[in-house]
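Next comes final_14.txt, with compact mmCIF, N, CA, C and O atoms.
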```txt
# COMPACT_ATOMS: atom_id res chain seq x y z
N GLN A 3 120.70 119.79 78.00
CA GLN A 3 121.19 118.42 77.95
C GLN A 3 120.31 117.60 77.02
O GLN A 3 119.09 117.64 77.09
N GLU A 4 120.95 116.85 76.13
CA GLU A 4 120.23 116.06 75.14
C GLU A 4 119.72 114.76 75.74
O GLU A 4 120.41 114.08 76.48
N LEU A 5 118.47 114.42 75.43
CA LEU A 5 117.89 113.16 75.90
C LEU A 5 118.21 112.07 74.91
O LEU A 5 118.08 112.25 73.71
N VAL A 6 118.61 110.91 75.42
CA VAL A 6 118.92 109.77 74.57
C VAL A 6 117.87 108.71 74.83
O VAL A 6 117.67 108.29 75.97
N VAL A 7 117.17 108.31 73.78
CA VAL A 7 116.12 107.30 73.91
C VAL A 7 116.63 106.00 73.32
O VAL A 7 117.08 105.97 72.17
N LYS A 8 116.57 104.93 74.10
CA LYS A 8 117.04 103.62 73.65
C LYS A 8 116.02 103.00 72.70
O LYS A 8 114.82 103.22 72.84
N PRO A 9 116.49 102.16 71.75
CA PRO A 9 115.56 101.42 70.89
C PRO A 9 114.68 100.51 71.74
O PRO A 9 115.10 100.05 72.81
N LYS A 10 113.46 100.23 71.26
CA LYS A 10 112.49 99.47 72.04
C LYS A 10 113.01 98.10 72.47
O LYS A 10 112.81 97.69 73.60
N ASP A 11 113.71 97.38 71.59
CA ASP A 11 114.25 96.07 71.94
C ASP A 11 115.22 96.17 73.11
O ASP A 11 115.22 95.34 74.01
N GLN A 12 116.04 97.20 73.08
CA GLN A 12 117.02 97.39 74.14
C GLN A 12 116.32 97.75 75.45
O GLN A 12 116.71 97.28 76.52
N VAL A 13 115.27 98.56 75.38
CA VAL A 13 114.51 98.92 76.57
C VAL A 13 113.84 97.69 77.16
O VAL A 13 113.89 97.46 78.36
N THR A 14 113.22 96.87 76.31
CA THR A 14 112.56 95.64 76.76
C THR A 14 113.56 94.73 77.46
O THR A 14 113.29 94.20 78.54
N GLU A 15 114.72 94.58 76.87
CA GLU A 15 115.77 93.74 77.46
C GLU A 15 116.20 94.30 78.82
O GLU A 15 116.38 93.56 79.78
N THR A 16 116.34 95.61 78.90
CA THR A 16 116.74 96.25 80.16
C THR A 16 115.67 96.05 81.23
O THR A 16 115.98 95.71 82.36
N VAL A 17 114.41 96.24 80.87
CA VAL A 17 113.31 96.06 81.83
C VAL A 17 113.28 94.62 82.32
O VAL A 17 113.12 94.36 83.51
N GLN A 18 113.47 93.67 81.42
CA GLN A 18 113.46 92.26 81.81
C GLN A 18 114.65 91.91 82.69
O GLN A 18 114.60 90.94 83.44
N SER A 19 115.72 92.71 82.65
CA SER A 19 116.89 92.46 83.50
C SER A 19 116.72 93.04 84.90
O SER A 19 117.54 92.78 85.78
N LEU A 20 115.66 93.83 85.12
CA LEU A 20 115.40 94.35 86.46
C LEU A 20 115.07 93.20 87.39
O LEU A 20 114.49 92.19 86.98
N THR A 21 115.39 93.36 88.66
CA THR A 21 115.03 92.34 89.63
C THR A 21 113.51 92.30 89.76
O THR A 21 112.81 93.25 89.36
N LYS A 22 113.01 91.23 90.33
CA LYS A 22 111.55 91.11 90.53
C LYS A 22 111.03 92.28 91.36
O LYS A 22 110.00 92.86 91.03
N ASN A 23 111.75 92.65 92.40
CA ASN A 23 111.36 93.78 93.24
C ASN A 23 111.34 95.08 92.44
O ASN A 23 110.41 95.89 92.57
N GLN A 24 112.35 95.28 91.59
CA GLN A 24 112.39 96.49 90.77
C GLN A 24 111.24 96.50 89.76
O GLN A 24 110.64 97.55 89.52
N GLN A 25 110.92 95.35 89.19
CA GLN A 25 109.80 95.28 88.25
C GLN A 25 108.48 95.58 88.97
O GLN A 25 107.63 96.30 88.43
N GLU A 26 108.31 95.05 90.17
CA GLU A 26 107.08 95.33 90.94
C GLU A 26 107.00 96.81 91.28
O GLU A 26 105.92 97.42 91.18
N THR A 27 108.13 97.38 91.69
CA THR A 27 108.16 98.81 92.01
C THR A 27 107.84 99.64 90.78
O THR A 27 107.04 100.58 90.85
N LEU A 28 108.43 99.29 89.63
CA LEU A 28 108.15 100.00 88.38
C LEU A 28 106.67 99.91 88.04
O LEU A 28 106.06 100.90 87.62
N GLY A 29 106.05 98.77 88.27
CA GLY A 29 104.62 98.62 88.03
C GLY A 29 103.79 99.54 88.90
O GLY A 29 102.80 100.12 88.43
N LEU A 30 104.19 99.69 90.15
CA LEU A 30 103.46 100.58 91.05
C LEU A 30 103.66 102.04 90.66
O LEU A 30 102.72 102.84 90.73
N VAL A 31 104.87 102.37 90.23
CA VAL A 31 105.12 103.73 89.71
C VAL A 31 104.21 103.99 88.51
O VAL A 31 103.59 105.04 88.40
N ALA A 32 104.11 102.99 87.63
CA ALA A 32 103.28 103.12 86.43
C ALA A 32 101.81 103.30 86.78
O ALA A 32 101.06 103.92 86.02
N ARG A 33 101.40 102.76 87.91
CA ARG A 33 100.01 102.90 88.35
C ARG A 33 99.77 104.21 89.12
O ARG A 33 98.68 104.43 89.65
N GLY A 34 100.81 105.04 89.20
CA GLY A 34 100.66 106.35 89.83
C GLY A 34 100.86 106.37 91.32
O GLY A 34 100.55 107.37 91.98
N LYS A 35 101.39 105.29 91.88
CA LYS A 35 101.63 105.25 93.32
C LYS A 35 102.80 106.15 93.69
O LYS A 35 103.78 106.25 92.96
N THR A 36 102.71 106.80 94.83
CA THR A 36 103.81 107.62 95.33
C THR A 36 104.83 106.72 96.01
O THR A 36 104.53 105.56 96.34
N ASN A 37 106.01 107.26 96.25
CA ASN A 37 107.03 106.48 96.97
C ASN A 37 106.52 106.08 98.35
O ASN A 37 106.77 104.97 98.81
N GLN A 38 105.79 106.96 99.01
CA GLN A 38 105.23 106.66 100.33
C GLN A 38 104.24 105.49 100.24
O GLN A 38 104.27 104.58 101.07
N GLU A 39 103.37 105.50 99.24
CA GLU A 39 102.40 104.41 99.07
C GLU A 39 103.10 103.09 98.76
O GLU A 39 102.70 102.03 99.26
N ILE A 40 104.16 103.15 97.95
CA ILE A 40 104.91 101.94 97.63
C ILE A 40 105.59 101.41 98.89
O ILE A 40 105.56 100.20 99.15
N ALA A 41 106.17 102.30 99.68
CA ALA A 41 106.82 101.90 100.93
C ALA A 41 105.83 101.22 101.86
O ALA A 41 106.14 100.17 102.45
N GLU A 42 104.64 101.78 101.99
CA GLU A 42 103.62 101.18 102.85
C GLU A 42 103.21 99.81 102.33
O GLU A 42 103.03 98.87 103.12
N GLN A 43 103.07 99.66 101.03
CA GLN A 43 102.67 98.38 100.45
C GLN A 43 103.72 97.29 100.70
O GLN A 43 103.39 96.16 101.00
N PHE A 44 105.00 97.66 100.59
CA PHE A 44 106.09 96.70 100.80
C PHE A 44 106.49 96.57 102.27
O PHE A 44 107.28 95.68 102.61
N GLY A 45 106.01 97.48 103.11
CA GLY A 45 106.39 97.46 104.52
C GLY A 45 107.84 97.86 104.75
O GLY A 45 108.52 97.30 105.61
N ILE A 46 108.31 98.83 103.95
CA ILE A 46 109.69 99.32 104.07
C ILE A 46 109.67 100.83 104.17
O ILE A 46 108.63 101.47 104.04
N GLY A 47 110.84 101.41 104.39
CA GLY A 47 110.95 102.86 104.49
C GLY A 47 110.92 103.55 103.14
O GLY A 47 111.25 102.95 102.11
N THR A 48 110.53 104.81 103.15
CA THR A 48 110.47 105.61 101.94
C THR A 48 111.84 105.75 101.29
O THR A 48 111.95 105.72 100.06
N LYS A 49 112.89 105.87 102.11
CA LYS A 49 114.25 106.00 101.56
C LYS A 49 114.64 104.77 100.75
O LYS A 49 115.30 104.88 99.72
N ALA A 50 114.23 103.59 101.19
CA ALA A 50 114.52 102.36 100.44
C ALA A 50 113.83 102.39 99.09
O ALA A 50 114.41 101.98 98.07
N VAL A 51 112.60 102.88 99.05
CA VAL A 51 111.87 102.99 97.78
C VAL A 51 112.55 104.02 96.88
O VAL A 51 112.73 103.77 95.69
N GLU A 52 112.94 105.15 97.45
CA GLU A 52 113.63 106.17 96.66
C GLU A 52 114.90 105.60 96.03
O GLU A 52 115.19 105.87 94.86
N HIS A 53 115.63 104.80 96.79
CA HIS A 53 116.85 104.18 96.28
C HIS A 53 116.52 103.22 95.13
O HIS A 53 117.19 103.24 94.09
N THR A 54 115.49 102.41 95.31
CA THR A 54 115.08 101.45 94.27
C THR A 54 114.64 102.18 93.01
O THR A 54 115.04 101.81 91.90
N VAL A 55 113.83 103.20 93.16
CA VAL A 55 113.34 103.97 92.01
C VAL A 55 114.52 104.64 91.28
O VAL A 55 114.58 104.62 90.05
N SER A 56 115.48 105.17 92.03
CA SER A 56 116.66 105.78 91.42
C SER A 56 117.45 104.76 90.61
O SER A 56 117.93 105.06 89.51
N ARG A 57 117.59 103.56 91.15
CA ARG A 57 118.32 102.50 90.42
C ARG A 57 117.56 102.12 89.14
O ARG A 57 118.17 101.86 88.10
N ILE A 58 116.23 102.08 89.22
CA ILE A 58 115.42 101.78 88.03
C ILE A 58 115.65 102.85 86.97
O ILE A 58 115.88 102.55 85.80
N TYR A 59 115.58 104.12 87.37
CA TYR A 59 115.82 105.22 86.42
C TYR A 59 117.18 105.08 85.76
O TYR A 59 117.32 105.25 84.56
N ARG A 60 118.20 104.77 86.57
CA ARG A 60 119.56 104.63 86.04
C ARG A 60 119.63 103.49 85.03
O ARG A 60 120.18 103.64 83.95
N LYS A 61 119.05 102.34 85.40
CA LYS A 61 119.09 101.18 84.50
C LYS A 61 118.35 101.44 83.20
O LYS A 61 118.72 100.95 82.14
N LEU A 62 117.26 102.21 83.27
CA LEU A 62 116.47 102.51 82.08
C LEU A 62 117.05 103.69 81.29
O LEU A 62 116.53 104.05 80.23
N GLY A 63 118.11 104.30 81.81
CA GLY A 63 118.72 105.43 81.12
C GLY A 63 117.92 106.70 81.23
O GLY A 63 117.96 107.55 80.34
N LEU A 64 117.17 106.84 82.31
CA LEU A 64 116.32 108.01 82.48
C LEU A 64 116.96 109.08 83.35
O LEU A 64 116.31 110.07 83.69
N ASP A 65 118.23 108.92 83.70
CA ASP A 65 118.91 109.89 84.56
C ASP A 65 118.89 111.29 83.96
O ASP A 65 118.84 112.28 84.68
N SER A 66 118.95 111.37 82.63
CA SER A 66 119.05 112.67 81.97
C SER A 66 117.69 113.33 81.75
O SER A 66 117.63 114.48 81.33
N PHE A 67 116.61 112.62 82.03
CA PHE A 67 115.27 113.20 81.87
C PHE A 67 115.03 114.22 82.99
O PHE A 67 115.54 114.06 84.09
N PRO A 68 114.24 115.25 82.71
CA PRO A 68 113.87 116.19 83.77
C PRO A 68 113.20 115.42 84.92
O PRO A 68 112.55 114.40 84.68
N LEU A 69 113.39 115.89 86.12
CA LEU A 69 112.93 115.18 87.31
C LEU A 69 111.49 114.69 87.20
O LEU A 69 111.20 113.53 87.40
N GLY A 70 110.55 115.56 86.86
CA GLY A 70 109.14 115.16 86.75
C GLY A 70 108.88 114.20 85.61
O GLY A 70 108.00 113.35 85.68
N GLY A 71 109.67 114.29 84.56
CA GLY A 71 109.48 113.44 83.39
C GLY A 71 109.96 112.01 83.58
O GLY A 71 109.54 111.11 82.86
N ARG A 72 110.84 111.79 84.54
CA ARG A 72 111.36 110.44 84.77
C ARG A 72 110.26 109.46 85.13
O ARG A 72 110.19 108.36 84.61
N ARG A 73 109.40 109.88 86.04
CA ARG A 73 108.34 108.99 86.51
C ARG A 73 107.35 108.68 85.38
O ARG A 73 106.92 107.55 85.21
N VAL A 74 107.03 109.69 84.60
CA VAL A 74 106.12 109.51 83.47
C VAL A 74 106.75 108.58 82.43
O VAL A 74 106.09 107.66 81.93
N GLU A 75 108.01 108.80 82.11
CA GLU A 75 108.70 107.96 81.12
C GLU A 75 108.84 106.53 81.64
O GLU A 75 108.67 105.58 80.88
N ALA A 76 109.13 106.37 82.92
CA ALA A 76 109.23 105.03 83.50
C ALA A 76 107.89 104.30 83.39
O ALA A 76 107.84 103.11 83.07
N ALA A 77 106.80 105.01 83.62
CA ALA A 77 105.47 104.42 83.49
C ALA A 77 105.20 104.00 82.04
O ALA A 77 104.67 102.92 81.78
N ARG A 78 105.60 104.85 81.10
CA ARG A 78 105.41 104.54 79.68
C ARG A 78 106.21 103.29 79.29
O ARG A 78 105.70 102.39 78.62
N VAL A 79 107.44 103.21 79.77
CA VAL A 79 108.29 102.06 79.48
C VAL A 79 107.65 100.79 80.04
O VAL A 79 107.59 99.76 79.37
N PHE A 80 107.15 100.86 81.26
CA PHE A 80 106.49 99.70 81.88
C PHE A 80 105.31 99.24 81.03
O PHE A 80 105.16 98.05 80.74
N MET A 81 104.47 100.18 80.63
CA MET A 81 103.26 99.82 79.88
C MET A 81 103.62 99.22 78.51
O MET A 81 102.93 98.34 78.03
N GLN A 82 104.70 99.69 77.90
CA GLN A 82 105.10 99.16 76.59
C GLN A 82 105.80 97.80 76.68
O GLN A 82 105.90 97.10 75.70
N THR A 83 106.29 97.46 77.86
CA THR A 83 107.02 96.21 78.00
C THR A 83 106.25 95.25 78.90
O THR A 83 105.47 94.44 78.43
N LEU A 84 106.42 95.38 80.19
CA LEU A 84 105.80 94.45 81.14
C LEU A 84 104.30 94.64 81.25
O LEU A 84 103.57 93.66 81.43
N GLY A 85 103.82 95.85 81.15
CA GLY A 85 102.40 96.12 81.31
C GLY A 85 101.54 95.41 80.28
O GLY A 85 100.53 94.82 80.60
N SER A 86 101.99 95.41 79.04
CA SER A 86 101.22 94.74 77.98
C SER A 86 101.27 93.24 78.15
O SER A 86 100.28 92.55 77.91
N ALA A 87 102.39 92.71 78.60
CA ALA A 87 102.51 91.25 78.81
C ALA A 87 101.62 90.80 79.97
O ALA A 87 100.99 89.75 79.91
N ARG A 88 101.53 91.61 81.02
CA ARG A 88 100.72 91.23 82.18
C ARG A 88 99.23 91.34 81.90
O ARG A 88 98.45 90.58 82.42
N SER A 89 98.84 92.29 81.06
CA SER A 89 97.41 92.43 80.78
C SER A 89 96.92 91.31 79.85
O SER A 89 95.75 90.99 79.83
N GLU A 90 97.84 90.71 79.08
CA GLU A 90 97.47 89.62 78.18
C GLU A 90 97.37 88.29 78.94
O GLU A 90 96.60 87.44 78.57
N GLY A 91 98.20 88.13 79.99
CA GLY A 91 98.27 86.86 80.69
C GLY A 91 97.28 86.79 81.75
O GLY A 91 96.61 86.02 82.19
```

Kindly present the structure from the file in structure tokens form.
Amino acid sequence: QELVVKPKDQVTETVQSLTKNQQETLGLVARGKTNQEIAEQFGIGTKAVEHTVSRIYRKLGLDSFPLGGRRVEAARVFMQTLGSARSEG
């Protein structure tokens, strides 16, 4: 299956369209947190986090990435978009 990578402007726009909760979750994924750790931090169930992470992958177009690569690519996307903006502010 061929991987399709979106242009950076389109990725930035997509990341900015994520809900605040999705952006926070993406940030925690980028920091290497597990779904269990994210669930504990938010005080919710692991299944809710799995659902949120899946929606993030779908919105970012990462559905076609190999399972292990999705989390890594999501972290890279965060660092190139929101991560750099947060470290400057």

message = Using all atoms listed in the file, can you tell me which of A:Leu84, A:Tyr59, A:Ala77, A:Glu15 comes closest to A:Ala32?
response =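 Checking each of A:Leu84, A:Tyr59, A:Ala77, A:Glu15 against A:Ala32, counting all atoms listed in the file, the winner is A:Ala77.
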
task = Figure out the distance between atom CA of A:Val31 and atom C of A:Gly45, please, to one decimal in Å.
result = 16.4 Å

message = With all atoms listed in the file as the counted atoms, please give the residues lying no more than 8 Å from A:Ile58, apart from itself and same-chain residues fewer than 4 positions off, as an MDAnalysis selection string.
response = chainID A and resid 16 20 24:25 28 51:54 62:65 76

For the residues in the current selection, export N, CA, C and O atoms as a short mmCIF file (atom, residue, chain, number, x, y, z; two decimals), keeping the file's coordinate frame.
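Listed below is the output, part-v4.cif:
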```cif
data_model
loop_
_atom_site.label_atom_id
_atom_site.label_comp_id
_atom_site.auth_asym_id
_atom_site.auth_seq_id
_atom_site.Cartn_x
_atom_site.Cartn_y
_atom_site.Cartn_z
N THR A 16 116.34 95.61 78.90
CA THR A 16 116.74 96.25 80.16
C THR A 16 115.67 96.05 81.23
O THR A 16 115.98 95.71 82.36
N LEU A 20 115.66 93.83 85.12
CA LEU A 20 115.40 94.35 86.46
C LEU A 20 115.07 93.20 87.39
O LEU A 20 114.49 92.19 86.98
N GLN A 24 112.35 95.28 91.59
CA GLN A 24 112.39 96.49 90.77
C GLN A 24 111.24 96.50 89.76
O GLN A 24 110.64 97.55 89.52
N GLN A 25 110.92 95.35 89.19
CA GLN A 25 109.80 95.28 88.25
C GLN A 25 108.48 95.58 88.97
O GLN A 25 107.63 96.30 88.43
N LEU A 28 108.43 99.29 89.63
CA LEU A 28 108.15 100.00 88.38
C LEU A 28 106.67 99.91 88.04
O LEU A 28 106.06 100.90 87.62
N VAL A 51 112.60 102.88 99.05
CA VAL A 51 111.87 102.99 97.78
C VAL A 51 112.55 104.02 96.88
O VAL A 51 112.73 103.77 95.69
N GLU A 52 112.94 105.15 97.45
CA GLU A 52 113.63 106.17 96.66
C GLU A 52 114.90 105.60 96.03
O GLU A 52 115.19 105.87 94.86
N HIS A 53 115.63 104.80 96.79
CA HIS A 53 116.85 104.18 96.28
C HIS A 53 116.52 103.22 95.13
O HIS A 53 117.19 103.24 94.09
N THR A 54 115.49 102.41 95.31
CA THR A 54 115.08 101.45 94.27
C THR A 54 114.64 102.18 93.01
O THR A 54 115.04 101.81 91.90
N LEU A 62 117.26 102.21 83.27
CA LEU A 62 116.47 102.51 82.08
C LEU A 62 117.05 103.69 81.29
O LEU A 62 116.53 104.05 80.23
N GLY A 63 118.11 104.30 81.81
CA GLY A 63 118.72 105.43 81.12
C GLY A 63 117.92 106.70 81.23
O GLY A 63 117.96 107.55 80.34
N LEU A 64 117.17 106.84 82.31
CA LEU A 64 116.32 108.01 82.48
C LEU A 64 116.96 109.08 83.35
O LEU A 64 116.31 110.07 83.69
N ASP A 65 118.23 108.92 83.70
CA ASP A 65 118.91 109.89 84.56
C ASP A 65 118.89 111.29 83.96
O ASP A 65 118.84 112.28 84.68
N ALA A 76 109.13 106.37 82.92
CA ALA A 76 109.23 105.03 83.50
C ALA A 76 107.89 104.30 83.39
O ALA A 76 107.84 103.11 83.07
#
```

request  = Provide the atom N of A:Gln43 to atom N of A:Val13 distance in Å, to one decimal place.
outcome  =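 These two atoms are separated by 28.4 Å.
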
key: Atom pair atom C of A:Ser66 / atom CA of A:Glu42: separation (Å)   =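 Interatomic distance here is 28.1 Å.
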